[in-house]
Amino acid sequence: MIDNIENEKSVSTWQLLNVLQVCDSAFPIGSFNHSYGMETYLRENVICDAHTFNKWLTMFFENQYLYNEGLAIKLVYEMLDKNEKNEVWNIDQLLTVQNVAMESREGAKLIAFRKLDIVLELFDIDLLKEYKKRIEENLSYGNPAVAFAILMHYLKIKKDVAIVAYGYSVSSTLVQSAVRAIPLGQKDGQRVLQNSLSTLEDIREEIEKLSIDDLGYNIPGFEISQMNHEVLTFRLFMS
């Protein structure tokens with residue numbers, strides 16, 4: 001197990017390396033199997049090239065990510081700073097029950113459990129152990145953004161960095177999925193990924209203005225696409 005390092009001179013490098021490891025698309029939690037409803041738009045020919053994918057990805061971050069995973073990370077930080085862990089479990093519940101698409105709910109649970117399983121091989125974090133136990137005992141559902149926020153808070157990563165780092169990991173995974181599924185060229189994929197970075201910076205500022213009352217907001221098109229994915233005749237992704 002890796003314990004929190006006390007040497008102040010090495011903390012910044014240590015923090016960066018751990019964030020890079022957890023946010024790497026090769027981190028084996030199965031997120032590459034999920035398209036967040038993108039595949040439905042692909043099958044309907046709404047997404048068909050770099051331009052249309054970039055438009056979809058921007059809307060995804062400005063709506064679904066902003067009011068769900070991104071806001072959840074902020075809220076978990078605030079609850080942990082106040083030592084209110086029961087409110088962390090409440091955020092887990094709100095994120096899950098407000099997610100109307102069955103595949104998306106189940107996918108989030110699966111990714112969260114895999115993330116917890118791997119992270120606990122690397123770090124000795126009591127709160128993550130408790131979170132995993134609660135999931136096993138059906139007391140919590142499991143959400144990867146909640147697990148990520150707990151880990152980043154433990155690593156003493158700043159809240160705004162955690163928000164954009166998680167967003168980057170989602171964006172990177174979706175871009176690689178689009179490169180394979182649309183398909184896109186690798187250069188086009190990197191251009192879209194670069195565009196998403198400025199979007200993430202913008203929504204980070206917006207998230208600071210939100211409260212728990214805003215958690216779970218989404219636009220109907222995204223929710224419908226995620227529900228419709230369940231009945232597609234041919235699918236590359238689980239959700």
# chains A, B, ... in the order shown; residues from 1 in each chain; ligands from 1
>>> residues_around(residues="Ala101 in chain A", least_positions_apart="2", cutoff="10 Å", atoms="only C-alpha atoms", output="ChimeraX atom specification")
/A:36-37,96-99,103-107,222-230,239
>>> select_by_dssp(residues="range 10-186 of chain A", states="helix (DSSP H, G or I)", output="PyMOL selection string")
chain A and resi 10-23+31-33+38-43+50-81+85-97+102-122+126-136+144-154+159-181+186
>>> closest_residue(among="A:Gln93, A:Gln21, A:Gln176, A:Lys159", to="Asn138 in chain A", atoms="only C-alpha atoms")
A:Gln93
>>> atom_distance(atom1="CA of Phe148 in chain A", atom2="CA of Val19 in chain A")
9.9 Å
>>> residues_around(residues="Arg134 in chain A", least_positions_apart="4", cutoff="12 Å", atoms="only C-alpha atoms", output="list in words")
Asn86, Trp89, Asp92, Gln93, Phe113, Leu116, Leu127, Leu128, Lys129, Glu130, Asn138, Leu139, Ser140, Tyr141 and Gly142 of chain A
>>> write_last_selection(atoms="all heavy atoms", output="compact mmCIF listing (two decimals), in the first residue's frame")
# COMPACT_ATOMS: atom_id res chain seq x y z
N ASN A 86 -21.78 11.22 5.80
CA ASN A 86 -23.12 10.74 5.46
C ASN A 86 -23.70 11.53 4.29
O ASN A 86 -24.50 11.00 3.52
CB ASN A 86 -24.04 10.83 6.68
CG ASN A 86 -23.74 9.75 7.71
OD1 ASN A 86 -23.21 8.69 7.37
ND2 ASN A 86 -24.07 10.03 8.96
N TRP A 89 -22.56 9.96 1.07
CA TRP A 89 -23.40 8.82 0.66
C TRP A 89 -24.71 9.34 0.07
O TRP A 89 -25.28 8.71 -0.83
CB TRP A 89 -23.69 7.90 1.84
CG TRP A 89 -22.53 7.52 2.69
CD1 TRP A 89 -22.51 7.34 4.04
CD2 TRP A 89 -21.18 7.22 2.25
NE1 TRP A 89 -21.26 6.98 4.48
CE2 TRP A 89 -20.43 6.89 3.41
CE3 TRP A 89 -20.54 7.22 1.02
CZ2 TRP A 89 -19.07 6.57 3.35
CZ3 TRP A 89 -19.18 6.90 0.95
CH2 TRP A 89 -18.47 6.59 2.10
N ASP A 92 -24.07 10.13 -3.54
CA ASP A 92 -24.07 8.88 -4.29
C ASP A 92 -25.50 8.48 -4.65
O ASP A 92 -25.80 8.11 -5.79
CB ASP A 92 -23.41 7.78 -3.46
CG ASP A 92 -23.63 6.39 -4.00
OD1 ASP A 92 -24.70 5.79 -3.71
OD2 ASP A 92 -22.76 5.89 -4.72
N GLN A 93 -26.40 8.57 -3.67
CA GLN A 93 -27.79 8.18 -3.91
C GLN A 93 -28.47 9.11 -4.91
O GLN A 93 -29.15 8.66 -5.84
CB GLN A 93 -28.57 8.18 -2.60
CG GLN A 93 -30.03 7.75 -2.76
CD GLN A 93 -30.77 7.72 -1.44
OE1 GLN A 93 -30.44 8.45 -0.51
NE2 GLN A 93 -31.78 6.88 -1.36
N PHE A 113 -17.27 0.30 -8.80
CA PHE A 113 -16.77 -0.84 -8.01
C PHE A 113 -15.39 -1.27 -8.49
O PHE A 113 -14.51 -1.58 -7.69
CB PHE A 113 -17.75 -2.01 -8.09
CG PHE A 113 -17.51 -3.05 -7.03
CD1 PHE A 113 -17.98 -2.86 -5.75
CD2 PHE A 113 -16.79 -4.20 -7.31
CE1 PHE A 113 -17.74 -3.81 -4.75
CE2 PHE A 113 -16.54 -5.15 -6.34
CZ PHE A 113 -17.03 -4.96 -5.05
N LEU A 116 -12.87 1.31 -7.23
CA LEU A 116 -12.59 1.12 -5.81
C LEU A 116 -11.68 -0.09 -5.59
O LEU A 116 -10.75 -0.05 -4.78
CB LEU A 116 -13.90 0.93 -5.05
CG LEU A 116 -14.74 2.20 -4.84
CD1 LEU A 116 -16.14 1.83 -4.37
CD2 LEU A 116 -14.07 3.13 -3.85
N LEU A 127 -11.99 5.62 4.14
CA LEU A 127 -13.29 6.03 3.64
C LEU A 127 -13.66 5.28 2.36
O LEU A 127 -14.83 4.94 2.15
CB LEU A 127 -13.32 7.54 3.39
CG LEU A 127 -14.71 8.14 3.13
CD1 LEU A 127 -15.65 7.86 4.29
CD2 LEU A 127 -14.61 9.64 2.87
N LEU A 128 -12.68 5.00 1.50
CA LEU A 128 -12.96 4.21 0.30
C LEU A 128 -13.27 2.76 0.66
O LEU A 128 -14.09 2.12 0.01
CB LEU A 128 -11.79 4.29 -0.67
CG LEU A 128 -11.64 5.59 -1.45
CD1 LEU A 128 -10.48 5.49 -2.44
CD2 LEU A 128 -12.93 5.94 -2.20
N LYS A 129 -12.62 2.25 1.69
CA LYS A 129 -12.95 0.91 2.17
C LYS A 129 -14.41 0.86 2.64
O LYS A 129 -15.14 -0.09 2.34
CB LYS A 129 -12.02 0.49 3.31
CG LYS A 129 -10.58 0.26 2.91
CD LYS A 129 -9.76 -0.11 4.13
CE LYS A 129 -8.29 -0.32 3.78
NZ LYS A 129 -7.48 -0.61 4.99
N GLU A 130 -14.79 1.89 3.37
CA GLU A 130 -16.17 1.96 3.86
C GLU A 130 -17.15 2.08 2.69
O GLU A 130 -18.22 1.44 2.70
CB GLU A 130 -16.34 3.14 4.81
CG GLU A 130 -17.73 3.26 5.39
CD GLU A 130 -17.87 4.40 6.39
OE1 GLU A 130 -16.84 4.99 6.78
OE2 GLU A 130 -19.03 4.70 6.77
N ASN A 138 -25.27 -3.17 -0.17
CA ASN A 138 -26.43 -2.49 -0.77
C ASN A 138 -26.90 -1.28 0.05
O ASN A 138 -28.10 -0.94 0.04
CB ASN A 138 -27.59 -3.47 -0.96
CG ASN A 138 -27.27 -4.56 -1.96
OD1 ASN A 138 -26.69 -4.30 -3.02
ND2 ASN A 138 -27.63 -5.79 -1.63
N LEU A 139 -25.96 -0.63 0.70
CA LEU A 139 -26.27 0.59 1.42
C LEU A 139 -25.98 1.82 0.56
O LEU A 139 -26.54 2.89 0.80
CB LEU A 139 -25.46 0.67 2.72
CG LEU A 139 -25.74 -0.44 3.74
CD1 LEU A 139 -24.77 -0.33 4.92
CD2 LEU A 139 -27.18 -0.37 4.22
N SER A 140 -25.09 1.67 -0.41
CA SER A 140 -24.81 2.71 -1.39
C SER A 140 -24.79 2.06 -2.77
O SER A 140 -24.62 0.84 -2.89
CB SER A 140 -23.46 3.38 -1.12
OG SER A 140 -23.51 4.17 0.05
N TYR A 141 -24.97 2.87 -3.79
CA TYR A 141 -25.03 2.35 -5.15
C TYR A 141 -23.64 2.22 -5.76
O TYR A 141 -23.30 1.22 -6.37
CB TYR A 141 -25.89 3.25 -6.03
CG TYR A 141 -27.34 3.26 -5.63
CD1 TYR A 141 -27.88 4.31 -4.89
CD2 TYR A 141 -28.20 2.22 -6.00
CE1 TYR A 141 -29.22 4.33 -4.53
CE2 TYR A 141 -29.53 2.24 -5.65
CZ TYR A 141 -30.04 3.29 -4.91
OH TYR A 141 -31.36 3.30 -4.56
N GLY A 142 -22.85 3.28 -5.65
CA GLY A 142 -21.53 3.34 -6.27
C GLY A 142 -21.52 4.26 -7.46
O GLY A 142 -22.31 4.10 -8.40
>>> closest_residue(among="A:Ala72, A:Leu57, A:Val164, A:Ile135", to="Glu205 in chain A", atoms="only C-alpha atoms")
A:Val164
>>> closest_atom_pairs(of="range 36-67 of chain A", to="range 177-188 of chain A", cutoff="7 Å", atoms="only C-alpha atoms", output="JSON lines")
{"residue": "A:Cys48", "atom": "CA", "partner": "A:Ile182", "partner_atom": "CA", "distance": 6.1}
{"residue": "A:Asp49", "atom": "CA", "partner": "A:Ile182", "partner_atom": "CA", "distance": 6.7}
{"residue": "A:Ala50", "atom": "CA", "partner": "A:Asp188", "partner_atom": "CA", "distance": 6.2}
>>> write_last_selection(atoms="N, CA and C atoms", output="PDB file, in the first residue's frame")
ATOM      1  N   CYS A  48     -21.388  12.173 -37.123  1.00  0.00           N
ATOM      2  CA  CYS A  48     -20.870  11.479 -38.311  1.00  0.00           C
ATOM      3  C   CYS A  48     -19.452  11.908 -38.675  1.00  0.00           C
ATOM      4  N   ASP A  49     -18.902  12.915 -37.999  1.00  0.00           N
ATOM      5  CA  ASP A  49     -17.557  13.385 -38.316  1.00  0.00           C
ATOM      6  C   ASP A  49     -17.007  14.151 -37.112  1.00  0.00           C
ATOM      7  N   ALA A  50     -15.823  14.729 -37.279  1.00  0.00           N
ATOM      8  CA  ALA A  50     -15.174  15.439 -36.169  1.00  0.00           C
ATOM      9  C   ALA A  50     -16.001  16.630 -35.707  1.00  0.00           C
TER      10      ALA A  50
END
>>> residues_around(residues="Glu206 in chain A", least_positions_apart="5", cutoff="12 Å", atoms="only C-alpha atoms", output="MDAnalysis selection string")
chainID A and resid 61:63 65:67 70:71 74 160 163 199:201 211 214
>>> atom_distance(atom1="CA of Leu20 in chain A", atom2="CA of Asn68 in chain A")
22.3 Å
>>> closest_residue(among="A:Ala149, A:Ala108, A:Asp126, A:Thr58", to="Gln194 in chain A", atoms="only C-alpha atoms")
A:Thr58
>>> residues_around(residues="Val88 in chain A", least_positions_apart="4", cutoff="10 Å", atoms="only C-alpha atoms", output="ChimeraX atom specification")
/A:72-73,75-80,83-84,92-94,131,146-147,149-150
>>> atom_distance(atom1="CA of Ser172 in chain A", atom2="CA of Ser25 in chain A")
6.8 Å
>>> closest_residue(among="A:Glu137, A:Gln64, A:Phe123, A:His34", to="Met152 in chain A", atoms="only C-alpha atoms")
A:Phe123
